[in-house]
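upload08.txt follows (compact mmCIF, C-alpha atoms and all ligand atoms):
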```txt
# COMPACT_ATOMS: atom_id res chain seq x y z
CA MET A 16 0.00 0.00 0.00
CA LYS A 17 1.27 3.45 -0.88
CA PRO A 18 0.50 6.66 1.00
CA SER A 19 -2.31 8.55 -0.66
CA PRO A 20 -1.28 11.78 -2.41
CA LEU A 21 -3.75 13.59 -0.17
CA LEU A 22 -2.10 12.28 2.97
CA ILE A 23 1.34 13.37 1.77
CA ALA A 24 0.11 16.72 0.52
CA THR A 25 -1.63 17.41 3.82
CA ALA A 26 1.35 16.21 5.78
CA LEU A 27 3.56 18.63 3.90
CA ALA A 28 1.09 21.47 4.36
CA LEU A 29 0.99 20.80 8.08
CA GLY A 30 4.76 20.85 8.21
CA PHE A 31 5.29 17.13 8.81
CA ALA A 32 8.34 17.27 6.58
CA ALA A 33 10.28 20.15 7.96
CA PRO A 34 13.25 21.54 6.10
CA GLY A 35 16.70 21.08 7.53
CA PHE A 36 16.23 17.48 8.59
CA ALA A 37 17.79 14.64 6.62
CA ALA A 38 16.28 15.41 3.22
CA SER A 39 13.11 13.47 3.72
CA SER A 40 9.65 13.87 2.35
CA GLY A 41 8.10 10.51 3.01
CA PRO A 42 4.96 9.95 5.04
CA ARG A 43 4.88 10.20 8.82
CA PHE A 44 2.75 8.33 11.36
CA TYR A 45 2.22 5.72 8.68
CA GLY A 46 3.95 2.32 8.86
CA ASP A 47 4.52 0.20 11.95
CA PRO A 48 6.69 2.16 14.40
CA PRO A 49 10.30 1.40 15.38
CA ASP A 50 10.73 -1.62 17.66
CA ASP A 51 13.39 -3.30 19.78
CA HIS A 52 15.50 -4.23 16.74
CA HIS A 53 14.55 -1.63 14.12
CA PRO A 54 15.25 2.03 14.85
CA TRP A 55 13.07 3.18 11.94
CA ALA A 56 9.36 2.79 11.27
CA VAL A 57 8.24 0.86 8.21
CA HIS A 58 8.34 3.34 5.27
CA ASP A 59 9.92 5.91 7.60
CA GLY A 60 10.05 9.37 6.03
CA ASN A 61 12.89 10.34 8.37
CA ARG A 62 15.13 7.54 7.17
CA PRO A 63 18.05 8.98 5.16
CA GLN A 64 17.89 8.65 1.43
CA PRO A 65 20.33 6.15 -0.14
CA LYS A 66 23.28 7.85 -1.78
CA THR A 67 23.07 8.50 -5.47
CA VAL A 68 25.51 6.58 -7.68
CA VAL A 69 25.89 7.19 -11.38
CA PRO A 70 26.11 3.72 -12.85
CA GLY A 71 28.93 2.75 -15.16
CA THR A 72 28.70 0.76 -18.35
CA PHE A 73 29.09 -2.94 -19.00
CA SER A 74 32.16 -4.35 -20.67
CA SER A 75 32.16 -5.94 -24.09
CA ALA A 76 34.60 -8.57 -25.30
CA ASP A 77 36.91 -5.88 -26.69
CA GLN A 78 36.20 -2.96 -24.45
CA PRO A 79 36.20 -2.61 -20.66
CA GLY A 80 33.17 -0.81 -19.24
CA ARG A 81 33.19 2.36 -17.17
CA PRO A 82 33.08 2.05 -13.35
CA PRO A 83 30.22 3.56 -11.32
CA SER A 84 30.75 7.05 -9.93
CA ASP A 85 31.72 6.01 -6.40
CA ALA A 86 34.22 3.33 -7.43
CA VAL A 87 37.88 3.46 -6.46
CA VAL A 88 39.82 2.53 -9.57
CA LEU A 89 42.76 0.17 -9.01
CA PHE A 90 43.65 -0.37 -12.65
CA ASP A 91 42.20 1.27 -15.75
CA GLY A 92 44.90 0.46 -18.25
CA ALA A 93 46.99 3.54 -17.63
CA GLY A 94 49.55 2.61 -15.00
CA LEU A 95 50.53 0.48 -12.05
CA GLU A 96 50.99 3.26 -9.52
CA LYS A 97 48.38 1.72 -7.20
CA TRP A 98 50.28 -1.56 -6.96
CA ARG A 99 53.49 -2.80 -5.32
CA THR A 100 55.43 -5.97 -4.64
CA ASP A 101 55.27 -7.58 -1.21
CA LYS A 102 58.60 -5.83 -0.47
CA GLY A 103 57.10 -2.46 -1.31
CA GLN A 104 58.87 -2.15 -4.66
CA PRO A 105 57.12 -0.93 -7.82
CA ALA A 106 54.94 -3.66 -9.31
CA PRO A 107 56.95 -5.48 -12.01
CA TRP A 108 54.00 -6.80 -14.00
CA ARG A 109 53.55 -5.53 -17.54
CA ILE A 110 50.91 -3.48 -19.24
CA VAL A 111 50.12 -5.05 -22.61
CA ASP A 112 47.44 -3.51 -24.84
CA GLY A 113 45.96 -1.67 -21.86
CA CYS A 114 45.83 -4.88 -19.81
CA LEU A 115 47.76 -5.80 -16.69
CA GLN A 116 49.68 -8.99 -17.42
CA ALA A 117 51.19 -11.23 -14.79
CA GLU A 118 54.95 -11.50 -15.23
CA PRO A 119 55.80 -15.09 -14.30
CA GLY A 120 58.48 -15.40 -11.69
CA THR A 121 58.18 -11.88 -10.28
CA GLY A 122 55.74 -12.77 -7.51
CA LYS A 123 52.36 -11.43 -6.51
CA ILE A 124 51.42 -7.78 -6.63
CA LEU A 125 49.44 -5.98 -3.92
CA THR A 126 47.48 -2.77 -3.74
CA LYS A 127 49.19 0.03 -1.87
CA GLU A 128 45.92 1.01 -0.27
CA LEU A 129 44.26 -1.14 2.32
CA ILE A 130 40.76 -2.28 1.54
CA GLY A 131 38.02 -3.48 3.89
CA ASP A 132 34.58 -4.82 3.02
CA CYS A 133 34.02 -4.18 -0.64
CA GLN A 134 32.35 -4.87 -3.92
CA LEU A 135 35.19 -5.73 -6.29
CA HIS A 136 34.99 -5.72 -10.04
CA ILE A 137 37.81 -7.38 -11.95
CA GLU A 138 38.15 -8.89 -15.40
CA TRP A 139 40.69 -11.51 -16.32
CA ALA A 140 41.72 -13.54 -19.34
CA ALA A 141 43.70 -16.76 -19.34
CA PRO A 142 46.51 -16.96 -21.93
CA ARG A 143 45.09 -17.62 -25.39
CA LYS A 144 47.73 -20.28 -26.02
CA VAL A 145 46.68 -23.25 -23.91
CA GLU A 146 49.57 -24.75 -22.02
CA GLY A 147 49.54 -27.15 -19.11
CA SER A 148 46.54 -28.72 -17.45
CA SER A 149 44.59 -28.71 -14.21
CA GLN A 150 46.06 -26.13 -11.81
CA GLY A 151 48.89 -25.40 -14.22
CA ARG A 152 46.66 -23.76 -16.80
CA GLY A 153 46.00 -20.03 -16.64
CA ASN A 154 46.36 -19.95 -12.86
CA SER A 155 46.31 -16.71 -10.91
CA GLY A 156 44.15 -15.55 -8.04
CA ILE A 157 42.43 -12.66 -6.36
CA PHE A 158 43.37 -12.46 -2.68
CA PHE A 159 41.35 -10.41 -0.21
CA MET A 160 43.40 -8.96 2.63
CA ASP A 161 46.23 -11.00 1.13
CA ARG A 162 44.50 -14.07 2.63
CA LEU A 163 41.59 -15.84 1.04
CA GLU A 164 41.85 -16.57 -2.65
CA ILE A 165 39.10 -16.41 -5.20
CA GLN A 166 40.66 -18.61 -7.82
CA VAL A 167 41.55 -17.43 -11.29
CA LEU A 168 42.07 -20.40 -13.60
CA ASP A 169 41.51 -21.40 -17.19
CA SER A 170 38.59 -23.66 -16.28
CA TYR A 171 37.40 -23.89 -19.88
CA GLN A 172 37.27 -27.61 -20.72
CA ASN A 173 39.84 -28.20 -18.02
CA VAL A 174 39.48 -30.73 -15.22
CA THR A 175 40.92 -30.06 -11.81
CA TYR A 176 39.80 -30.46 -8.19
CA ALA A 177 36.46 -28.74 -7.77
CA ASP A 178 37.54 -26.37 -5.02
CA GLY A 179 40.36 -25.12 -7.24
CA HIS A 180 38.31 -24.04 -10.25
CA ALA A 181 37.79 -20.47 -11.39
CA GLY A 182 35.52 -18.75 -8.89
CA ALA A 183 36.36 -21.19 -6.09
CA TYR A 184 36.92 -19.93 -2.58
CA TYR A 185 40.18 -21.81 -2.96
CA GLY A 186 40.42 -24.99 -0.95
CA ILE A 187 37.09 -24.37 0.74
CA ASN A 188 34.16 -24.04 -1.60
CA PRO A 189 33.89 -24.85 -5.33
CA PRO A 190 32.05 -22.50 -7.65
CA MET A 191 28.45 -23.57 -8.16
CA ALA A 192 29.00 -23.48 -11.92
CA LEU A 193 31.73 -22.80 -14.47
CA PRO A 194 30.33 -20.02 -16.67
CA VAL A 195 33.72 -19.36 -18.24
CA ARG A 196 34.62 -18.22 -21.71
CA PRO A 197 37.44 -19.79 -23.75
CA PRO A 198 41.05 -18.85 -22.99
CA GLY A 199 42.06 -15.45 -24.30
CA GLU A 200 38.59 -14.00 -23.73
CA PHE A 201 37.91 -11.78 -20.74
CA GLN A 202 35.87 -13.11 -17.85
CA VAL A 203 33.93 -10.47 -15.93
CA CYS A 204 34.11 -11.14 -12.21
CA ASP A 205 32.13 -9.35 -9.50
CA ILE A 206 32.78 -10.15 -5.87
CA VAL A 207 31.22 -9.02 -2.60
CA PHE A 208 33.61 -9.51 0.28
CA ARG A 209 32.60 -9.17 3.92
CA ARG A 210 35.28 -9.86 6.49
CA PRO A 211 34.53 -11.73 9.74
CA ILE A 212 33.70 -9.57 12.74
CA TYR A 213 34.67 -10.74 16.20
CA GLN A 214 34.26 -9.37 19.65
CA GLY A 215 37.01 -11.09 21.58
CA ARG A 216 36.45 -14.75 20.73
CA GLN A 217 32.80 -14.29 19.96
CA VAL A 218 31.77 -14.31 16.31
CA LEU A 219 29.44 -11.42 15.62
CA ASP A 220 29.40 -12.05 11.88
CA PRO A 221 31.31 -14.86 10.16
CA GLY A 222 31.98 -12.83 7.00
CA TYR A 223 30.94 -13.88 3.54
CA VAL A 224 32.02 -13.95 -0.05
CA THR A 225 29.67 -13.73 -3.02
CA VAL A 226 31.01 -14.14 -6.54
CA PHE A 227 29.55 -13.71 -10.02
CA ILE A 228 31.47 -14.75 -13.12
CA ASN A 229 30.12 -13.37 -16.37
CA GLY A 230 26.89 -12.53 -14.53
CA VAL A 231 26.40 -16.08 -13.20
CA LEU A 232 26.37 -16.62 -9.45
CA VAL A 233 29.18 -18.98 -8.41
CA GLN A 234 29.56 -18.21 -4.68
CA ASP A 235 26.34 -17.48 -2.84
CA HIS A 236 27.10 -15.59 0.37
CA THR A 237 29.57 -18.35 1.29
CA PRO A 238 30.56 -18.04 4.98
CA LEU A 239 34.27 -17.54 5.58
CA GLU A 240 36.36 -20.31 7.09
CA GLY A 241 39.70 -18.61 7.28
CA ALA A 242 42.10 -17.99 4.44
CA GLY A 243 41.76 -21.39 2.79
CA GLY A 244 44.80 -22.69 1.01
CA HIS A 245 46.62 -25.50 -0.72
CA ARG A 246 46.08 -28.86 1.01
CA GLN A 247 45.29 -27.12 4.26
CA ARG A 248 41.99 -26.95 6.06
CA THR A 249 41.82 -23.56 7.70
CA LYS A 250 39.73 -22.39 10.61
CA ALA A 251 37.47 -19.41 10.92
CA GLY A 252 39.03 -16.50 12.79
CA PRO A 253 39.33 -12.74 12.88
CA PHE A 254 40.62 -10.74 9.92
CA PRO A 255 42.09 -7.25 10.07
CA GLU A 256 39.69 -4.37 9.37
CA LYS A 257 41.50 -3.66 6.14
CA GLY A 258 44.22 -5.22 4.09
CA PRO A 259 45.72 -5.13 0.62
CA LEU A 260 44.12 -6.84 -2.34
CA SER A 261 46.63 -9.01 -4.14
CA LEU A 262 46.93 -10.83 -7.46
CA GLN A 263 48.77 -14.10 -7.62
CA ASP A 264 51.73 -14.99 -9.79
CA HIS A 265 51.29 -18.70 -10.44
CA GLY A 266 53.61 -18.81 -13.41
CA ASN A 267 51.06 -18.00 -16.11
CA PRO A 268 50.78 -14.68 -18.00
CA THR A 269 47.14 -14.08 -17.05
CA ARG A 270 45.82 -10.66 -18.03
CA PHE A 271 43.61 -8.35 -16.00
CA ARG A 272 41.66 -5.21 -16.82
CA ASN A 273 39.06 -2.83 -15.37
CA ILE A 274 39.77 -3.36 -11.68
CA TRP A 275 37.78 -1.24 -9.24
CA TYR A 276 36.02 -1.52 -5.93
CA ARG A 277 33.34 0.19 -3.92
CA GLU A 278 33.49 0.44 -0.14
CA LEU A 279 30.51 -1.15 1.56
CA PRO A 280 28.56 0.38 4.45
CA PRO A 281 29.00 -1.13 7.90
CA ARG A 282 26.87 -4.07 8.99
CA PRO A 283 24.91 -3.98 12.26
CA ALA A 284 27.70 -6.01 13.92
CA GLU A 285 30.07 -3.09 13.43
CA GLY A 286 27.76 -0.18 14.14
CA GLY A 287 25.68 -0.04 10.96
CA THR A 288 22.07 0.99 11.52
CA ASP A 289 20.40 -0.72 8.55
CA GLY A 290 19.37 -4.29 9.18
CA TYR A 291 18.35 -6.22 12.29
CA LEU A 292 20.02 -4.48 15.24
CA THR A 293 20.70 -5.60 18.77
CA ALA A 294 18.28 -4.11 21.30
CA GLU A 295 21.08 -1.93 22.64
CA ALA A 296 22.04 -0.57 19.20
CA ALA A 297 18.39 0.00 18.21
CA ARG A 298 17.75 1.91 21.44
CA ALA A 299 20.82 4.10 20.94
CA LYS A 300 19.87 4.92 17.36
CA ARG A 301 16.27 5.65 18.32
CA GLN A 302 17.49 8.08 20.99
CA GLU A 303 19.72 9.78 18.45
CA ILE A 304 16.90 10.15 15.90
CA ALA A 305 14.48 11.42 18.55
CA ALA A 306 16.99 14.01 19.79
CA ALA A 307 17.59 15.28 16.24
CA ILE A 308 13.85 15.59 15.63
CA ARG A 309 13.31 17.40 18.95
CA GLN A 310 16.07 19.80 17.97
CA ASP A 311 14.38 20.36 14.63
CA ALA A 312 11.02 20.85 16.37
CA ALA A 313 12.50 23.68 18.43
CA THR A 314 13.29 25.56 15.22
CA LEU A 315 9.63 25.34 14.18
CA ARG A 316 8.28 27.30 17.15
CA ASN A 317 5.62 29.68 15.90
CA PRO A 318 2.79 30.82 18.21
CA ALA A 319 0.70 31.80 15.16
CA ASN A 320 0.92 28.27 13.78
CA PRO A 321 1.91 25.79 16.49
CA LEU A 322 0.98 22.64 14.55
CA PRO A 323 4.30 22.03 12.73
CA GLN A 324 6.23 22.11 15.99
CA MET A 325 3.64 19.98 17.78
CA LEU A 326 3.67 17.33 15.05
CA ARG A 327 7.43 17.25 14.93
CA LEU A 328 7.54 16.75 18.70
CA MET A 329 5.03 13.93 18.34
CA GLU A 330 7.19 12.40 15.64
CA SER A 331 10.13 12.34 18.04
CA LEU A 332 8.02 10.33 20.48
CA VAL A 333 7.72 7.52 17.94
CA TYR A 334 11.44 6.85 18.46
CA GLN A 335 11.75 7.63 22.15
CA ILE A 336 9.30 8.75 24.82
CA ASP A 337 10.81 11.87 26.27
CA PRO A 338 8.56 13.03 29.14
CA ALA A 339 9.17 16.74 28.51
CA ALA A 340 8.47 16.42 24.77
CA LEU A 341 5.36 14.35 25.49
CA GLU A 342 4.07 16.93 27.95
CA GLN A 343 4.77 19.82 25.61
CA ALA A 344 3.18 18.17 22.57
CA SER A 345 0.15 17.07 24.60
CA ALA A 346 -0.38 20.57 25.95
CA MET A 347 -0.18 21.99 22.43
CA ALA A 348 -2.65 19.39 21.19
CA MET A 349 -5.08 20.22 24.03
CA ALA A 350 -4.90 23.94 23.27
CA HIS A 351 -5.39 23.30 19.57
CA ALA A 352 -8.38 20.99 20.12
CA LYS A 353 -9.97 23.60 22.38
CA SER A 354 -9.52 26.27 19.70
CA ILE A 355 -11.21 23.97 17.15
CA GLU A 356 -14.05 23.16 19.53
CA GLY A 357 -14.60 26.89 20.06
CA LEU A 358 -15.01 27.67 16.38
CA PRO A 359 -18.40 28.83 15.13
CA PRO A 360 -19.99 26.20 12.85
CA ALA A 361 -19.40 28.34 9.74
CA GLN A 362 -15.62 28.27 10.31
CA LEU A 363 -15.44 24.62 11.29
CA ALA A 364 -15.98 23.29 7.77
CA ALA A 365 -12.66 24.80 6.65
CA LYS A 366 -10.89 22.71 9.30
CA LYS A 367 -12.20 19.39 8.04
CA ASP A 368 -8.92 18.11 6.55
CA GLU A 369 -6.84 19.40 9.44
CA VAL A 370 -9.05 17.72 12.03
CA LYS A 371 -9.29 14.45 10.12
CA ASN A 372 -5.54 14.26 9.51
CA LEU A 373 -4.71 15.09 13.10
CA SER A 374 -7.23 12.52 14.23
CA ASP A 375 -5.48 9.92 12.05
CA THR A 376 -2.16 10.96 13.59
CA TYR A 377 -3.48 10.69 17.14
CA ALA A 378 -5.02 7.31 16.29
CA TYR A 379 -1.62 6.12 15.07
CA LEU A 380 0.08 7.33 18.24
CA ILE A 381 -2.58 5.80 20.46
CA LYS A 382 -2.36 2.48 18.63
CA SER A 383 1.43 2.63 19.02
CA LYS A 384 0.94 3.22 22.78
CA ILE A 385 2.71 6.57 22.58
CA LEU A 386 -0.37 8.58 23.52
CA PRO A 387 -2.89 7.33 26.12
CA ALA A 388 -6.04 5.65 24.84
CA ASP A 389 -8.13 8.45 26.36
CA PHE A 390 -6.11 11.28 24.80
CA ALA A 391 -8.56 14.18 25.19
CA PRO A 392 -7.85 15.96 21.85
CA GLN A 393 -8.66 12.73 20.02
CA SER A 394 -11.94 12.31 21.91
CA ALA A 395 -12.82 15.91 20.98
CA PHE A 396 -12.01 15.33 17.32
CA GLU A 397 -13.98 12.09 17.21
CA ARG A 398 -17.00 13.95 18.56
CA ILE A 399 -16.60 16.69 15.94
CA ILE A 400 -16.07 14.21 13.10
CA ARG A 401 -19.21 12.27 14.04
CA ALA A 402 -21.30 15.40 14.57
CA GLN A 403 -20.25 16.88 11.21
CA GLY A 404 -20.73 13.56 9.39
CA TRP A 405 -17.08 13.68 8.22
CA ASP A 406 -16.77 9.98 8.96
CA LYS A 407 -19.35 9.10 6.30
CA LYS A 408 -18.12 7.93 2.92
CA PRO A 409 -18.99 10.37 0.10
CA ARG A 410 -21.72 8.96 -2.14
MG MG A 501 45.49 -19.41 -7.94
```
Structure re-expressed in structure tokens:
Amino acid sequence: MKPSPLLIATALALGFAAPGFAASSGPRFYGDPPDDHHPWAVHDGNRPQPKTVVPGTFSSADQPGRPPSDAVVLFDGAGLEKWRTDKGQPAPWRIVDGCLQAEPGTGKILTKELIGDCQLHIEWAAPRKVEGSSQGRGNSGIFFMDRLEIQVLDSYQNVTYADGHAGAYYGINPPMALPVRPPGEFQVCDIVFRRPIYQGRQVLDPGYVTVFINGVLVQDHTPLEGAGGHRQRTKAGPFPEKGPLSLQDHGNPTRFRNIWYRELPPRPAEGGTDGYLTAEAARAKRQEIAAAIRQDAATLRNPANPLPQMLRLMESLVYQIDPAALEQASAMAMAHAKSIEGLPPAQLAAKKDEVKNLSDTYAYLIKSKILPADFAPQSAFERIIRAQGWDKKPR
């Protein structure tokens, strides 16, 4: 169900969406209120807007695409200034036809910058000339935090152990499919990496890796079990907050292009406020939202038109019952209801929408146990609405 245009229009006219507060224009007093694990109401108009990202373009066989606007570019064909050896020397790999080509025997290369949770985009091509077999064919790898490897391998009509194929979380989880193109052609690889989060020895979030190759899902939110590795079964454990991304030299001149990443927002386990929160975190965020709205309400003070401030104060109560705010808003509502009750009949008709909308708001707050069931302004409005026949459906 969507909010009716009338409800939104009236809400705006009444000052429900005040300027200066987290660019928001959604409905208020509408969806189920915040609860013990969600600091926002359902469809909350106060919830910050997602950031705007200008999307990039997709790659073709010959041409790498353009990254989205918030991507950090690690390699775009121009240079290797973002990369180093593990001894901190300039990266010795070659740039061939705008592609980054592994230089066998020189060792892995690592990003200079440290990267945490991310969405990584990378494209790779196994050598066109097929040499070797199994793990010896077109082998490289994408290492997160220089630890766990998402395998890069020429898996096209090549048999090897399943957990060593292209797209494997190497040594731990095989790719669910092998949607690979023939050697020499670029494979488009998109990875979502979430590191494990620990509090002491307690796992708050095991961390996950999700991988698409050429648009086909090959790792589906696979929980992390340590770095993985050759012949070794590793155990889950903490990772650093950030680390370098590295590309493996496994003796094959694998090529890479169009490498970029986007930082990901924090999860609830590390202070993020979207998702299912602990009761403690939800309470803290609700207090913060309520305080910001109360502050905004103070800027709306206007004795000639007290409704915007009153409604904003009532909004704050949805997140946290602050006795002073409750008392102030209730007193304003009482005074307003009295002024409506005192109107001569001829002037009352003009207040129909205002009264009905406020009555809906009070009903929401009563239902949410924020206002008492016998809230006097609501009783007054219900009497007026019945007496005026405003509760009857138009014929
Ligand atoms: Mg490898």
Please tabulate, as JSON lines, the residues of chain A that come within 7 Å of ligand MG 501 (chain A), each with its closest pair of atoms and the distance in Å to one decimal, counting only C-alpha atoms and all ligand atoms and ordering rows by chain, then residue number upward.
```
{"residue": "A:Asn154", "atom": "CA", "partner": "A:MG501", "partner_atom": "MG", "distance": 5.0}
{"residue": "A:Ser155", "atom": "CA", "partner": "A:MG501", "partner_atom": "MG", "distance": 4.1}
{"residue": "A:Gly156", "atom": "CA", "partner": "A:MG501", "partner_atom": "MG", "distance": 4.1}
{"residue": "A:Gln166", "atom": "CA", "partner": "A:MG501", "partner_atom": "MG", "distance": 4.9}
{"residue": "A:Val167", "atom": "CA", "partner": "A:MG501", "partner_atom": "MG", "distance": 5.5}
{"residue": "A:Leu168", "atom": "CA", "partner": "A:MG501", "partner_atom": "MG", "distance": 6.7}
{"residue": "A:Gln263", "atom": "CA", "partner": "A:MG501", "partner_atom": "MG", "distance": 6.2}
{"residue": "A:His265", "atom": "CA", "partner": "A:MG501", "partner_atom": "MG", "distance": 6.4}
```
Next on the checklist: Residues within 10 Å of Gly241 of chain A, please, as an MDAnalysis selection string. Count all atoms listed in the file; anything in the same chain fewer than 2 positions from it doesn't count.
Outcome noted: chainID A and resid 162:163 187 210:211 221:222 238:239 243:244 248:254
Item to check | Interatomic distance, atom CA of Arg298 of chain A to atom CA of Thr376 of chain A (Å, one decimal) | outcome: 23.2 Å
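Minimum atom-to-atom distance to Glu342 of chain A, evaluated using only C-alpha atoms, belongs to A:Met329 out of A:Ala305, A:Gln247, A:Lys407, A:Met329.
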Item to check | Straight-line distance linking atom CA of Asp50 of chain A with atom CA of Ala299 of chain A, stated in Å to one decimal | outcome: 12.1 Å
Checklist entry - What is the distance, in Å and to one decimal place, between atom CA of Arg301 of chain A and atom CA of Val57 of chain A? => result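 Taking atom CA of Arg301 of chain A as the start and atom CA of Val57 of chain A as the end point, the length is 13.8 Å.
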Item to check | Surrounding residues of segment 381-389 of chain A excluding itself and chain neighbours under 6 positions, 10 Å, only C-alpha atoms, as JSON, numbers by chain | outcome: {"A": [44, 47, 48, 49, 329, 332, 333, 334, 335, 336, 341, 345, 375]}
Within 6 Å of segment 204-206 of chain A, counting all atoms listed in the file, which residues qualify if same-chain residues fewer than 3 places away don't, as a short mmCIF file (atom, residue, chain, number, x, y, z; two decimals) with C-alpha atoms, in the frame of the given file?
```cif
data_model
loop_
_atom_site.label_atom_id
_atom_site.label_comp_id
_atom_site.auth_asym_id
_atom_site.auth_seq_id
_atom_site.Cartn_x
_atom_site.Cartn_y
_atom_site.Cartn_z
CA GLN A 134 32.35 -4.87 -3.92
CA LEU A 135 35.19 -5.73 -6.29
CA HIS A 136 34.99 -5.72 -10.04
CA ILE A 137 37.81 -7.38 -11.95
CA GLU A 138 38.15 -8.89 -15.40
CA THR A 225 29.67 -13.73 -3.02
CA VAL A 226 31.01 -14.14 -6.54
CA PHE A 227 29.55 -13.71 -10.02
CA ILE A 228 31.47 -14.75 -13.12
#
```
Item to check | Residue among A:His52, A:Lys123, A:Arg81, A:Arg398 lying closest to Pro259 of chain A, counting all atoms listed in the file | outcome: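 For Pro259 of chain A, the nearest of the given residues is A:Lys123.
Closest to Pro197 of chain A among A:Ser149, A:Arg282, A:Phe159, A:Ala141 is A:Ala141, based on only C-alpha atoms.
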Item to check | For Gly266 of chain A: contacts at 9 Å, all atoms listed in the file, fewer than 3 positions along chain excluded, given as a list of chain:residue names | outcome: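 Residues near the query, excluding close chain neighbours: A:Ala117, A:Glu118, A:Pro119, A:Gly120, A:Thr121, A:Gly122, A:Gly151, A:Gly153, A:Asn154, A:Ser155, A:Gln263, A:Thr269.
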Item to check | From A:Gly179, A:Tyr379, A:Gly80, A:Phe396, residue lying nearest Glu356 of chain A [all atoms listed in the file] | outcome: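 Checking each of A:Gly179, A:Tyr379, A:Gly80, A:Phe396 against Glu356 of chain A, counting all atoms listed in the file, the winner is A:Phe396.
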Item to check | Shell around segment 69-75 of chain A at 8 Å using all atoms listed in the file, local window under 3 positions removed, as a count of residues only | outcome: 9
Around segment 357-376 of chain A, fit a box with edges along x, y and z, padding it by 8 Å on each side, then list its centre and edge lengths in Å to one decimal as lines of an AutoDock Vina configuration file.
```
center_x = -11.1
center_y = 19.4
center_z = 13.3
size_x = 33.8
size_y = 34.9
size_z = 29.5
```
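Closest approach to Leu89 of chain A from the set A:Arg277, A:Lys102, A:Lys144, A:His58 is made by A:Arg277, with distances taken over all atoms listed in the file.
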Checklist entry - Between A:Asp112, A:Glu369, A:Asp51, A:Asp337, which one has atoms that come closest to Arg272 of chain A, using all atoms listed in the file? => result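 Once distances to Arg272 of chain A are computed over all atoms listed in the file, the minimum belongs to A:Asp112.
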